[in-house]
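A.B. asks: Provided below: entry-v4.cif, containing mmCIF, C-alpha atoms.
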```
data_query
#
loop_
_atom_site.label_atom_id
_atom_site.label_comp_id
_atom_site.auth_asym_id
_atom_site.auth_seq_id
_atom_site.Cartn_x
_atom_site.Cartn_y
_atom_site.Cartn_z
CA MET K 1 -21.50 -10.61 -20.67
CA GLN K 2 -19.68 -9.21 -17.67
CA THR K 3 -19.59 -11.79 -14.92
CA ALA K 4 -17.30 -10.26 -12.33
CA ALA K 5 -16.28 -6.84 -11.10
CA LEU K 6 -13.26 -5.45 -12.91
CA ARG K 7 -11.38 -3.55 -10.23
CA LYS K 8 -8.07 -2.02 -11.29
CA LEU K 9 -5.17 -3.29 -9.24
CA LYS K 10 -2.96 -0.93 -7.26
CA ASN K 11 0.76 -1.01 -8.07
CA LYS K 12 1.55 -2.80 -4.81
CA GLU K 13 -0.99 -5.50 -5.67
CA LEU K 14 0.94 -6.37 -8.84
CA ASN K 15 3.60 -8.17 -6.77
CA ARG K 16 6.42 -7.17 -9.07
CA LYS K 17 9.95 -8.33 -8.33
CA THR K 18 12.53 -6.22 -6.52
CA ILE K 19 15.78 -5.59 -8.38
CA GLU K 20 17.43 -8.26 -6.22
CA GLU K 21 14.68 -10.79 -6.97
CA PHE K 22 15.02 -10.03 -10.67
CA LYS K 23 18.76 -10.64 -10.61
CA THR K 24 18.40 -14.12 -9.15
CA ALA K 25 15.21 -15.17 -10.99
CA PRO K 26 15.48 -17.80 -13.75
CA LYS K 27 15.53 -15.96 -17.07
CA THR K 28 13.71 -16.51 -20.34
CA PRO K 29 16.25 -18.07 -22.76
CA ILE K 30 15.99 -15.15 -25.17
CA ILE K 31 18.75 -12.63 -25.95
CA VAL K 32 18.17 -9.30 -27.71
CA ILE K 33 20.85 -7.81 -29.98
CA LEU K 34 20.47 -4.14 -30.97
CA ASP K 35 22.39 -3.54 -34.21
CA ASN K 36 23.20 0.17 -34.53
CA ILE K 37 20.02 1.64 -33.06
CA ARG K 38 19.92 5.42 -33.48
CA SER K 39 17.24 6.37 -30.95
CA SER K 40 18.06 6.12 -27.27
CA ASN K 41 14.32 6.19 -26.57
CA ASN K 42 14.00 2.95 -28.50
CA VAL K 43 16.87 1.44 -26.52
CA GLY K 44 15.18 2.34 -23.24
CA SER K 45 11.88 0.91 -24.38
CA VAL K 46 13.57 -2.38 -25.28
CA PHE K 47 14.98 -2.50 -21.74
CA ARG K 48 11.53 -1.90 -20.23
CA THR K 49 9.94 -4.65 -22.34
CA SER K 50 12.84 -7.02 -21.64
CA ASP K 51 12.36 -6.47 -17.90
CA ALA K 52 8.71 -7.54 -18.20
CA PHE K 53 9.56 -10.81 -19.95
CA LEU K 54 12.70 -11.63 -17.90
CA ILE K 55 14.93 -11.49 -20.98
CA GLU K 56 18.38 -12.92 -20.33
CA LYS K 57 20.59 -10.25 -21.84
CA ILE K 58 20.70 -7.30 -24.25
CA TYR K 59 23.71 -6.65 -26.49
CA LEU K 60 24.07 -2.98 -27.49
CA CYS K 61 26.12 -2.90 -30.70
CA GLY K 62 27.82 -0.28 -32.87
CA ILE K 63 26.34 3.20 -32.54
CA THR K 64 23.68 2.03 -30.08
CA ALA K 65 23.77 4.23 -26.97
CA ILE K 66 24.51 2.62 -23.61
CA PRO K 67 23.44 3.41 -20.04
CA PRO K 68 23.74 5.68 -18.21
CA ASN K 69 21.96 7.91 -20.73
CA LYS K 70 19.17 10.37 -20.07
CA ASP K 71 17.06 9.36 -23.08
CA ILE K 72 17.45 5.65 -22.38
CA GLN K 73 16.42 6.27 -18.77
CA ARG K 74 13.36 8.27 -19.87
CA THR K 75 11.83 5.18 -21.48
CA ALA K 76 13.60 2.38 -19.54
CA LEU K 77 12.36 3.79 -16.21
CA GLY K 78 14.98 1.87 -14.28
CA ALA K 79 14.98 -1.35 -16.31
CA THR K 80 18.68 -0.75 -17.08
CA ASP K 81 19.30 -1.73 -13.44
CA THR K 82 17.68 -5.14 -13.91
CA VAL K 83 18.24 -6.56 -17.39
CA GLU K 84 21.84 -7.65 -18.02
CA TRP K 85 23.52 -5.82 -20.92
CA GLU K 86 26.86 -5.59 -22.67
CA TYR K 87 28.26 -3.22 -25.27
CA ALA K 88 29.97 -4.64 -28.36
CA GLU K 89 31.32 -2.58 -31.23
CA ASN K 90 30.88 -5.35 -33.80
CA THR K 91 27.51 -7.06 -34.15
CA LEU K 92 28.95 -9.89 -36.25
CA ALA K 93 31.47 -10.76 -33.54
CA VAL K 94 28.63 -11.10 -31.02
CA ILE K 95 26.75 -13.40 -33.38
CA GLU K 96 29.78 -15.62 -33.94
CA LYS K 97 30.38 -15.89 -30.20
CA LEU K 98 26.74 -16.80 -29.51
CA LYS K 99 26.64 -19.28 -32.41
CA ALA K 100 29.72 -21.01 -30.99
CA ASN K 101 27.71 -21.44 -27.79
CA GLY K 102 24.79 -23.04 -29.62
CA VAL K 103 22.51 -20.00 -29.62
CA GLN K 104 20.00 -19.81 -32.48
CA ILE K 105 20.32 -16.46 -34.31
CA ALA K 106 17.28 -14.77 -35.88
CA SER K 107 17.29 -11.35 -37.54
CA ILE K 108 14.01 -9.46 -37.43
CA GLU K 109 13.80 -8.37 -41.05
CA GLN K 110 11.74 -8.39 -44.18
CA ALA K 111 13.81 -10.65 -46.40
CA GLU K 112 13.69 -13.33 -49.04
CA ASN K 113 13.10 -16.65 -47.30
CA SER K 114 12.03 -14.99 -44.06
CA ILE K 115 9.63 -16.88 -41.83
CA MET K 116 6.47 -15.10 -40.73
CA LEU K 117 6.44 -14.63 -36.95
CA GLN K 118 3.27 -16.64 -36.42
CA ASP K 119 4.87 -19.60 -38.25
CA PHE K 120 8.23 -19.42 -36.48
CA THR K 121 9.05 -22.01 -33.82
CA PRO K 122 12.25 -21.63 -31.80
CA LYS K 123 14.47 -24.72 -31.56
CA GLN K 124 13.82 -26.75 -28.47
CA ASP K 125 16.52 -26.66 -25.80
CA ALA K 126 18.40 -23.82 -27.48
CA LYS K 127 18.61 -20.19 -26.57
CA ILE K 128 17.51 -17.78 -29.25
CA ALA K 129 18.96 -14.36 -29.99
CA ILE K 130 16.89 -11.87 -31.96
CA ILE K 131 18.51 -8.98 -33.80
CA MET K 132 16.77 -5.62 -34.22
CA GLY K 133 18.29 -3.22 -36.76
CA ASN K 134 18.72 0.48 -37.36
CA GLU K 135 15.60 2.65 -37.67
CA VAL K 136 16.32 3.52 -41.30
CA LYS K 137 18.65 0.82 -42.65
CA GLY K 138 17.34 -2.16 -40.71
CA VAL K 139 19.67 -5.02 -39.77
CA GLN K 140 22.90 -4.90 -41.80
CA GLN K 141 22.86 -7.37 -44.72
CA ASP K 142 26.02 -9.16 -43.53
CA VAL K 143 24.42 -9.61 -40.10
CA VAL K 144 21.25 -10.91 -41.77
CA SER K 145 23.36 -13.28 -43.89
CA ALA K 146 25.12 -14.61 -40.80
CA SER K 147 21.79 -15.38 -39.10
CA ASP K 148 20.18 -18.80 -38.97
CA SER K 149 16.88 -17.29 -40.05
CA CYS K 150 14.91 -14.10 -40.56
CA ILE K 151 11.67 -13.55 -38.71
CA GLU K 152 9.21 -11.16 -40.33
CA ILE K 153 6.11 -9.52 -38.87
CA PRO K 154 3.52 -9.59 -41.66
CA GLN K 155 2.23 -6.08 -42.40
CA PHE K 156 -0.74 -5.17 -44.53
CA GLY K 157 -0.93 -1.38 -44.63
CA THR K 158 0.92 1.42 -46.37
CA LYS K 159 3.99 1.87 -44.14
CA HIS K 160 7.14 -0.16 -44.74
CA SER K 161 7.89 -1.09 -41.16
CA LEU K 162 6.86 -0.87 -37.53
CA ASN K 163 8.62 1.15 -34.86
CA ILE K 164 11.52 -0.78 -33.26
CA SER K 165 10.09 -0.64 -29.74
CA VAL K 166 6.80 -2.01 -31.04
CA THR K 167 8.50 -4.67 -33.15
CA CYS K 168 10.57 -5.80 -30.18
CA GLY K 169 7.46 -5.99 -28.02
CA ILE K 170 5.56 -8.07 -30.55
CA VAL K 171 8.45 -10.47 -31.18
CA LEU K 172 9.30 -10.90 -27.48
CA TRP K 173 5.65 -11.52 -26.59
CA ASP K 174 5.26 -14.08 -29.37
CA LEU K 175 8.52 -15.92 -28.67
CA PHE K 176 8.08 -15.75 -24.89
CA ASN K 177 4.83 -17.65 -25.20
CA LYS K 178 6.40 -20.24 -27.49
CA VAL K 179 9.51 -20.65 -25.35
CA ILE K 180 7.85 -21.03 -21.94
CA LYS K 181 5.45 -23.72 -23.19
CA MET I 1 20.93 -24.60 -40.18
CA GLN I 2 20.60 -21.93 -42.85
CA THR I 3 19.03 -23.39 -45.94
CA ALA I 4 18.40 -20.37 -48.14
CA ALA I 5 19.92 -16.98 -48.79
CA LEU I 6 18.43 -14.26 -46.62
CA ARG I 7 18.40 -11.21 -48.84
CA LYS I 8 16.83 -8.09 -47.38
CA LEU I 9 13.91 -6.82 -49.43
CA LYS I 10 13.88 -3.33 -50.88
CA ASN I 11 10.95 -1.10 -49.89
CA LYS I 12 9.36 -1.41 -53.33
CA GLU I 13 9.50 -5.21 -53.05
CA LEU I 14 7.28 -5.10 -49.96
CA ASN I 15 4.22 -4.39 -52.12
CA ARG I 16 2.61 -2.16 -49.53
CA LYS I 17 -0.78 -0.61 -50.24
CA THR I 18 -1.25 2.90 -51.53
CA ILE I 19 -3.43 5.21 -49.42
CA GLU I 20 -6.27 4.63 -51.89
CA GLU I 21 -5.87 0.85 -51.69
CA PHE I 22 -5.86 1.06 -47.89
CA LYS I 23 -9.09 3.04 -47.85
CA THR I 24 -11.00 0.44 -49.84
CA ALA I 25 -9.35 -2.69 -48.35
CA PRO I 26 -11.43 -4.91 -46.03
CA LYS I 27 -10.46 -4.03 -42.47
CA THR I 28 -9.63 -6.13 -39.43
CA PRO I 29 -12.70 -6.01 -37.14
CA ILE I 30 -10.75 -4.38 -34.33
CA ILE I 31 -11.25 -0.83 -33.01
CA VAL I 32 -8.76 1.00 -30.79
CA ILE I 33 -9.93 3.50 -28.17
CA LEU I 34 -7.33 5.83 -26.64
CA ASP I 35 -8.57 7.02 -23.25
CA ASN I 36 -6.81 10.26 -22.30
CA ILE I 37 -3.35 9.52 -23.70
CA ARG I 38 -0.85 12.20 -22.71
CA SER I 39 1.95 11.56 -25.21
CA SER I 40 1.38 12.47 -28.84
CA ASN I 41 4.30 10.20 -29.75
CA ASN I 42 2.32 7.28 -28.34
CA VAL I 43 -0.72 8.33 -30.37
CA GLY I 44 1.34 8.41 -33.56
CA SER I 45 2.84 5.02 -32.86
CA VAL I 46 -0.63 3.53 -32.37
CA PHE I 47 -1.58 4.92 -35.80
CA ARG I 48 1.52 3.36 -37.41
CA THR I 49 0.83 -0.05 -35.84
CA SER I 50 -2.87 0.16 -36.73
CA ASP I 51 -1.94 0.85 -40.35
CA ALA I 52 0.13 -2.37 -40.44
CA PHE I 53 -2.75 -4.51 -39.19
CA LEU I 54 -5.55 -2.78 -41.13
CA ILE I 55 -7.33 -1.70 -37.96
CA GLU I 56 -10.84 -0.43 -38.61
CA LYS I 57 -10.85 2.78 -36.57
CA ILE I 58 -9.17 4.66 -33.75
CA TYR I 59 -11.16 6.77 -31.25
CA LEU I 60 -9.12 9.57 -29.69
CA CYS I 61 -10.79 10.47 -26.40
CA GLY I 62 -10.51 13.17 -23.74
CA ILE I 63 -7.10 14.87 -23.61
CA THR I 64 -5.69 12.64 -26.37
CA ALA I 65 -4.18 14.84 -29.10
CA ILE I 66 -5.59 14.62 -32.61
CA PRO I 67 -4.06 15.05 -36.09
CA PRO I 68 -2.72 17.23 -37.52
CA ASN I 69 -0.07 17.36 -34.79
CA LYS I 70 3.71 17.50 -35.23
CA ASP I 71 4.48 14.89 -32.55
CA ILE I 72 1.80 12.50 -33.78
CA GLN I 73 3.20 12.85 -37.29
CA ARG I 74 6.76 12.19 -36.08
CA THR I 75 5.82 8.65 -35.07
CA ALA I 76 2.78 7.99 -37.29
CA LEU I 77 4.81 8.75 -40.42
CA GLY I 78 1.69 9.33 -42.48
CA ALA I 79 -0.51 6.62 -40.98
CA THR I 80 -2.97 9.34 -39.91
CA ASP I 81 -3.87 9.56 -43.62
CA THR I 82 -4.88 5.91 -43.78
CA VAL I 83 -6.43 4.68 -40.54
CA GLU I 84 -9.90 6.11 -39.88
CA TRP I 85 -10.16 8.12 -36.66
CA GLU I 86 -12.64 10.18 -34.69
CA TYR I 87 -12.32 12.45 -31.66
CA ALA I 88 -14.70 12.04 -28.74
CA GLU I 89 -14.56 14.01 -25.52
CA ASN I 90 -16.16 11.27 -23.44
CA THR I 91 -14.74 7.74 -23.56
CA LEU I 92 -17.81 6.26 -21.83
CA ALA I 93 -20.12 7.66 -24.49
CA VAL I 94 -18.03 5.95 -27.20
CA ILE I 95 -18.23 2.66 -25.34
CA GLU I 96 -22.01 2.89 -24.94
CA LYS I 97 -22.43 3.65 -28.65
CA LEU I 98 -20.23 0.72 -29.67
CA LYS I 99 -21.93 -1.63 -27.21
CA ALA I 100 -25.29 -0.69 -28.70
CA ASN I 101 -23.87 -1.83 -32.04
CA GLY I 102 -22.80 -5.21 -30.64
CA VAL I 103 -19.11 -4.43 -30.31
CA GLN I 104 -17.25 -6.36 -27.61
CA ILE I 105 -15.39 -3.95 -25.26
CA ALA I 106 -12.09 -4.91 -23.62
CA SER I 107 -9.97 -2.62 -21.47
CA ILE I 108 -6.26 -3.33 -21.47
CA GLU I 109 -5.59 -3.21 -17.75
CA GLN I 110 -4.24 -5.06 -14.77
CA ALA I 111 -7.39 -5.72 -12.82
CA GLU I 112 -9.20 -8.20 -10.64
CA ASN I 113 -10.82 -10.79 -12.90
CA SER I 114 -8.73 -9.75 -15.90
CA ILE I 115 -8.01 -12.37 -18.54
CA MET I 116 -4.39 -12.93 -19.53
CA LEU I 117 -3.85 -12.02 -23.18
CA GLN I 118 -2.72 -15.50 -24.20
CA ASP I 119 -5.96 -16.93 -22.76
CA PHE I 120 -8.29 -14.35 -24.28
CA THR I 121 -10.44 -15.33 -27.24
CA PRO I 122 -12.51 -12.65 -29.00
CA LYS I 123 -16.18 -13.47 -29.57
CA GLN I 124 -16.85 -14.92 -32.98
CA ASP I 125 -18.67 -12.69 -35.44
CA ALA I 126 -18.35 -9.61 -33.23
CA LYS I 127 -16.08 -6.64 -33.58
CA ILE I 128 -13.85 -5.97 -30.63
CA ALA I 129 -12.77 -2.59 -29.27
CA ILE I 130 -9.69 -2.40 -27.07
CA ILE I 131 -9.14 0.51 -24.71
CA MET I 132 -5.68 1.82 -23.87
CA GLY I 133 -5.41 4.20 -20.93
CA ASN I 134 -3.37 7.15 -19.73
CA GLU I 135 0.40 6.67 -19.26
CA VAL I 136 0.20 7.25 -15.50
CA LYS I 137 -3.39 6.55 -14.46
CA GLY I 138 -4.22 3.75 -16.91
CA VAL I 139 -7.79 3.29 -18.15
CA GLN I 140 -10.30 5.17 -15.95
CA GLN I 141 -12.03 2.86 -13.44
CA ASP I 142 -15.50 3.76 -14.71
CA VAL I 143 -14.39 2.91 -18.25
CA VAL I 144 -12.94 -0.38 -16.99
CA SER I 145 -16.20 -1.08 -15.14
CA ALA I 146 -18.22 -0.45 -18.30
CA SER I 147 -16.10 -2.94 -20.30
CA ASP I 148 -17.08 -6.51 -21.05
CA SER I 149 -13.66 -7.69 -19.94
CA CYS I 150 -10.13 -6.67 -19.05
CA ILE I 151 -7.21 -8.09 -20.97
CA GLU I 152 -3.87 -8.17 -19.15
CA ILE I 153 -0.38 -8.74 -20.51
CA PRO I 154 1.38 -10.90 -17.93
CA GLN I 155 4.59 -9.24 -16.73
CA PHE I 156 7.32 -10.82 -14.65
CA GLY I 157 9.91 -8.12 -13.99
CA THR I 158 10.21 -5.11 -11.72
CA LYS I 159 8.31 -2.43 -13.69
CA HIS I 160 4.57 -2.00 -13.22
CA SER I 161 3.61 -1.66 -16.85
CA LEU I 162 4.75 -1.61 -20.45
CA ASN I 163 4.87 1.46 -22.67
CA ILE I 164 1.52 2.15 -24.38
CA SER I 165 2.90 1.88 -27.92
CA VAL I 166 4.43 -1.48 -27.03
CA THR I 167 1.28 -2.68 -25.26
CA CYS I 168 -0.85 -1.72 -28.24
CA GLY I 169 1.52 -3.56 -30.61
CA ILE I 170 1.46 -6.72 -28.53
CA VAL I 171 -2.33 -6.73 -28.11
CA LEU I 172 -3.04 -5.92 -31.78
CA TRP I 173 -0.62 -8.62 -32.97
CA ASP I 174 -2.15 -11.20 -30.64
CA LEU I 175 -5.79 -10.35 -31.42
CA PHE I 176 -5.12 -9.92 -35.16
CA ASN I 177 -3.91 -13.51 -35.34
CA LYS I 178 -6.91 -14.75 -33.38
CA VAL I 179 -9.43 -12.71 -35.38
CA ILE I 180 -8.23 -13.54 -38.89
CA LYS I 181 -8.25 -17.31 -38.22
#
```
Can you present the structure in this file as structure tokens?
C.D. replies:
Amino acid sequence: MQTAALRKLKNKELNRKTIEEFKTAPKTPIIVILDNIRSSNNVGSVFRTSDAFLIEKIYLCGITAIPPNKDIQRTALGATDTVEWEYAENTLAVIEKLKANGVQIASIEQAENSIMLQDFTPKQDAKIAIIMGNEVKGVQQDVVSASDSCIEIPQFGTKHSLNISVTCGIVLWDLFNKVIK
Amino acid sequence: MQTAALRKLKNKELNRKTIEEFKTAPKTPIIVILDNIRSSNNVGSVFRTSDAFLIEKIYLCGITAIPPNKDIQRTALGATDTVEWEYAENTLAVIEKLKANGVQIASIEQAENSIMLQDFTPKQDAKIAIIMGNEVKGVQQDVVSASDSCIEIPQFGTKHSLNISVTCGIVLWDLFNKVIK
């Protein structure tokens, strides 16, 4: 039963942050690590989604393209100017550095002993870093092995995996709601 | 603390369905309506995500491209062979038909009186159809007005919206978990 008029909001009514407001806003204690992502369009999409959920930082590792890049910009639509990012050649080195700082490390993978996303609860009072892997190879096994846990999105169809942009959106949405509670 | 070895699974260990198994499997009582989607890549991605969550049907409306289409295939990766779909020129006509069959209609939009996704609960014992709109214009206002409700993904950054593939992934993941409980 429809009880109230559903009027679409104009962009200016959305009260989004300016770049300056974004920079100084408290961030969601979630870090995204991109482990050798091939598609710059996927990288840009991860930036756009990370902007929406005030993600703290994105690490772009290995062959992952970095801004400025035309294909990243095509899907990031400016979100590379807001979300903090850093390039690192070696994904494992990033993990070790974050672990030393008490960050919980979770690879997004289909693995033995993985935890289904709906059952996963981030540690309280700890930042969490999620690792998204290459479009074909997934997260490298040694990166998976160095993680505290694997988070898996249960899938019931014929395809073996979801697109990386979609996976990142689902995981960030799910964890964002668990973390801000 | 890592308590068990995290070995990545091989594709054959994922025990995905064959196309034939997909066709006869009980479906999730969720329908996706694409209202004038411009990008065939987005259409394909929606197919791939819908395959993973056993979505009942996708309506491709207005200018939305239909299979077979090279760009749809590039992102659907075969999911157009599994998920049921139908083309309809007029989105409103689809909505009226579904409403007449007791389907709950929810536009995914930022609107006055929208319900935030985390607060939205689908009706029990009713199918739900979600409507995703054009990349620039969103869902048409008359389609929004004809909906039972608007579902909104809360966003806290600088950009006005999320990518459609990402939005569809987030909404399907969230509703899937609410519907199968």
A.B. asks: As an mmCIF file with C-alpha atoms, in the coordinates of the input, please: the residues near stretch 165-168 of chain K (cut-off 9 Å, only C-alpha atoms, same-chain neighbours under 6 positions excluded).
C.D. replies:
```cif
data_model
loop_
_atom_site.group_PDB
_atom_site.id
_atom_site.type_symbol
_atom_site.label_atom_id
_atom_site.label_comp_id
_atom_site.auth_asym_id
_atom_site.auth_seq_id
_atom_site.Cartn_x
_atom_site.Cartn_y
_atom_site.Cartn_z
ATOM 1 C CA VAL K 32 18.170 -9.300 -27.710
ATOM 2 C CA ASN K 41 14.320 6.190 -26.570
ATOM 3 C CA ASN K 42 14.000 2.950 -28.500
ATOM 4 C CA VAL K 43 16.870 1.440 -26.520
ATOM 5 C CA GLY K 44 15.180 2.340 -23.240
ATOM 6 C CA SER K 45 11.880 0.910 -24.380
ATOM 7 C CA VAL K 46 13.570 -2.380 -25.280
ATOM 8 C CA THR K 49 9.940 -4.650 -22.340
ATOM 9 C CA SER K 50 12.840 -7.020 -21.640
ATOM 10 C CA ILE K 108 14.010 -9.460 -37.430
ATOM 11 C CA ILE K 130 16.890 -11.870 -31.960
ATOM 12 C CA MET K 132 16.770 -5.620 -34.220
ATOM 13 C CA ILE K 153 6.110 -9.520 -38.870
ATOM 14 C CA SER I 45 2.840 5.020 -32.860
ATOM 15 C CA THR I 49 0.830 -0.050 -35.840
ATOM 16 C CA SER I 165 2.900 1.880 -27.920
ATOM 17 C CA VAL I 166 4.430 -1.480 -27.030
ATOM 18 C CA THR I 167 1.280 -2.680 -25.260
ATOM 19 C CA CYS I 168 -0.850 -1.720 -28.240
ATOM 20 C CA GLY I 169 1.520 -3.560 -30.610
ATOM 21 C CA ILE I 170 1.460 -6.720 -28.530
#
```
A.B. asks: Return the single residue from K:Gly102, K:Gly133, K:Pro122, K:Gly78 that is closest to chain I, with distances computed using all atoms listed in the file.
C.D. replies: K:Gly78
A.B. asks: Please evaluate the PyMOL selection byres ((chain K) within 6 of (chain I)) against the displayed coordinates and give the resulting residues as a list in words.
C.D. replies: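 The output of the PyMOL selection byres ((chain K) within 6 of (chain I)) on this file is Gln2, Leu6, Arg7, Lys8, Leu9, Arg16, Lys17, Thr18, Asp51, Ala52, Phe53, Leu54, Gln110, Ala111, Glu112, Asn113, Ser145, Asp148, Gln155, Phe156, Gly157, Thr158, Val166, Gly169 and Ile170 of chain K.
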A.B. asks: Would you write out, as a list in words, every residue that the PyMOL selection byres ((chain K and resi 57-60) around 7) captures in this file?
C.D. replies: Ile31, Val32, Ile33, Leu34, Asp35, Ile55, Glu56, Cys61, Thr64, Ile66, Val83, Glu84, Trp85, Glu86, Tyr87 and Ala88 of chain K
A.B. asks: Separation of atom CA of K:Ile180 and atom CA of I:Asp119, in Å?
C.D. replies: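 Taking atom CA of K:Ile180 as the start and atom CA of I:Asp119 as the end point, the length is 14.4 Å.
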A.B. asks: Select, from K:Arg38, K:Lys27, K:Lys123, K:Lys99, the residue with the minimum atom-to-atom distance to K:Lys137, counting all atoms listed in the file.
C.D. replies: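 For K:Lys137, the nearest of the candidates is K:Arg38.
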A.B. asks: Have a look at atom CA of K:Val179 and atom CA of K:Phe120 and let me know their distance in Å, one decimal.
C.D. replies: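 Between atom CA of K:Val179 and atom CA of K:Phe120 the gap works out to 11.3 Å.
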A.B. asks: Just to confirm, what's the straight-line distance from atom CA of I:Val94 to atom CA of I:Asn134 in Å (one decimal)?
C.D. replies: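 Result for atom CA of I:Val94 versus atom CA of I:Asn134: 16.5 Å, one decimal.
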A.B. asks: Take stretch 12-33 of chain I, bring it up to N, CA and C atoms, and give me the output as a tab-separated table (two decimals), keeping the file's coordinate frame.
C.D. replies:
```tsv
chain	number	residue	atom	x	y	z
I	12	LYS	N	10.33	-1.22	-52.24
I	12	LYS	CA	9.36	-1.41	-53.33
I	12	LYS	C	8.98	-2.88	-53.49
I	13	GLU	N	9.82	-3.78	-52.97
I	13	GLU	CA	9.50	-5.21	-53.05
I	13	GLU	C	8.48	-5.63	-51.99
I	14	LEU	N	8.19	-4.74	-51.05
I	14	LEU	CA	7.28	-5.10	-49.96
I	14	LEU	C	5.82	-5.05	-50.40
I	15	ASN	N	5.59	-4.44	-51.57
I	15	ASN	CA	4.22	-4.39	-52.12
I	15	ASN	C	3.21	-3.85	-51.13
I	16	ARG	N	3.56	-2.77	-50.45
I	16	ARG	CA	2.61	-2.16	-49.53
I	16	ARG	C	1.48	-1.48	-50.32
I	17	LYS	N	0.39	-1.25	-49.62
I	17	LYS	CA	-0.78	-0.61	-50.24
I	17	LYS	C	-0.52	0.89	-50.45
I	18	THR	N	-1.19	1.44	-51.44
I	18	THR	CA	-1.25	2.90	-51.53
I	18	THR	C	-2.34	3.37	-50.55
I	19	ILE	N	-2.39	4.68	-50.32
I	19	ILE	CA	-3.43	5.21	-49.42
I	19	ILE	C	-4.81	4.85	-49.96
I	20	GLU	N	-4.97	4.94	-51.28
I	20	GLU	CA	-6.27	4.63	-51.89
I	20	GLU	C	-6.61	3.15	-51.70
I	21	GLU	N	-5.63	2.28	-51.89
I	21	GLU	CA	-5.87	0.85	-51.69
I	21	GLU	C	-6.23	0.54	-50.24
I	22	PHE	N	-5.56	1.26	-49.31
I	22	PHE	CA	-5.86	1.06	-47.89
I	22	PHE	C	-7.31	1.42	-47.59
I	23	LYS	N	-7.75	2.55	-48.15
I	23	LYS	CA	-9.09	3.04	-47.85
I	23	LYS	C	-10.18	2.05	-48.24
I	24	THR	N	-9.96	1.35	-49.35
I	24	THR	CA	-11.00	0.44	-49.84
I	24	THR	C	-10.77	-1.01	-49.41
I	25	ALA	N	-9.64	-1.31	-48.76
I	25	ALA	CA	-9.35	-2.69	-48.35
I	25	ALA	C	-10.28	-3.12	-47.21
I	26	PRO	N	-10.67	-4.40	-47.19
I	26	PRO	CA	-11.43	-4.91	-46.03
I	26	PRO	C	-10.58	-4.74	-44.78
I	27	LYS	N	-11.21	-4.30	-43.70
I	27	LYS	CA	-10.46	-4.03	-42.47
I	27	LYS	C	-10.56	-5.18	-41.47
I	28	THR	N	-9.59	-5.21	-40.57
I	28	THR	CA	-9.63	-6.13	-39.43
I	28	THR	C	-10.70	-5.62	-38.46
I	29	PRO	N	-11.59	-6.49	-38.00
I	29	PRO	CA	-12.70	-6.01	-37.14
I	29	PRO	C	-12.25	-5.70	-35.72
I	30	ILE	N	-11.26	-4.83	-35.63
I	30	ILE	CA	-10.75	-4.38	-34.33
I	30	ILE	C	-10.75	-2.85	-34.32
I	31	ILE	N	-11.22	-2.28	-33.20
I	31	ILE	CA	-11.25	-0.83	-33.01
I	31	ILE	C	-10.34	-0.51	-31.82
I	32	VAL	N	-9.61	0.58	-31.90
I	32	VAL	CA	-8.76	1.00	-30.79
I	32	VAL	C	-9.32	2.29	-30.19
I	33	ILE	N	-9.46	2.31	-28.87
I	33	ILE	CA	-9.93	3.50	-28.17
I	33	ILE	C	-8.80	4.00	-27.27
```
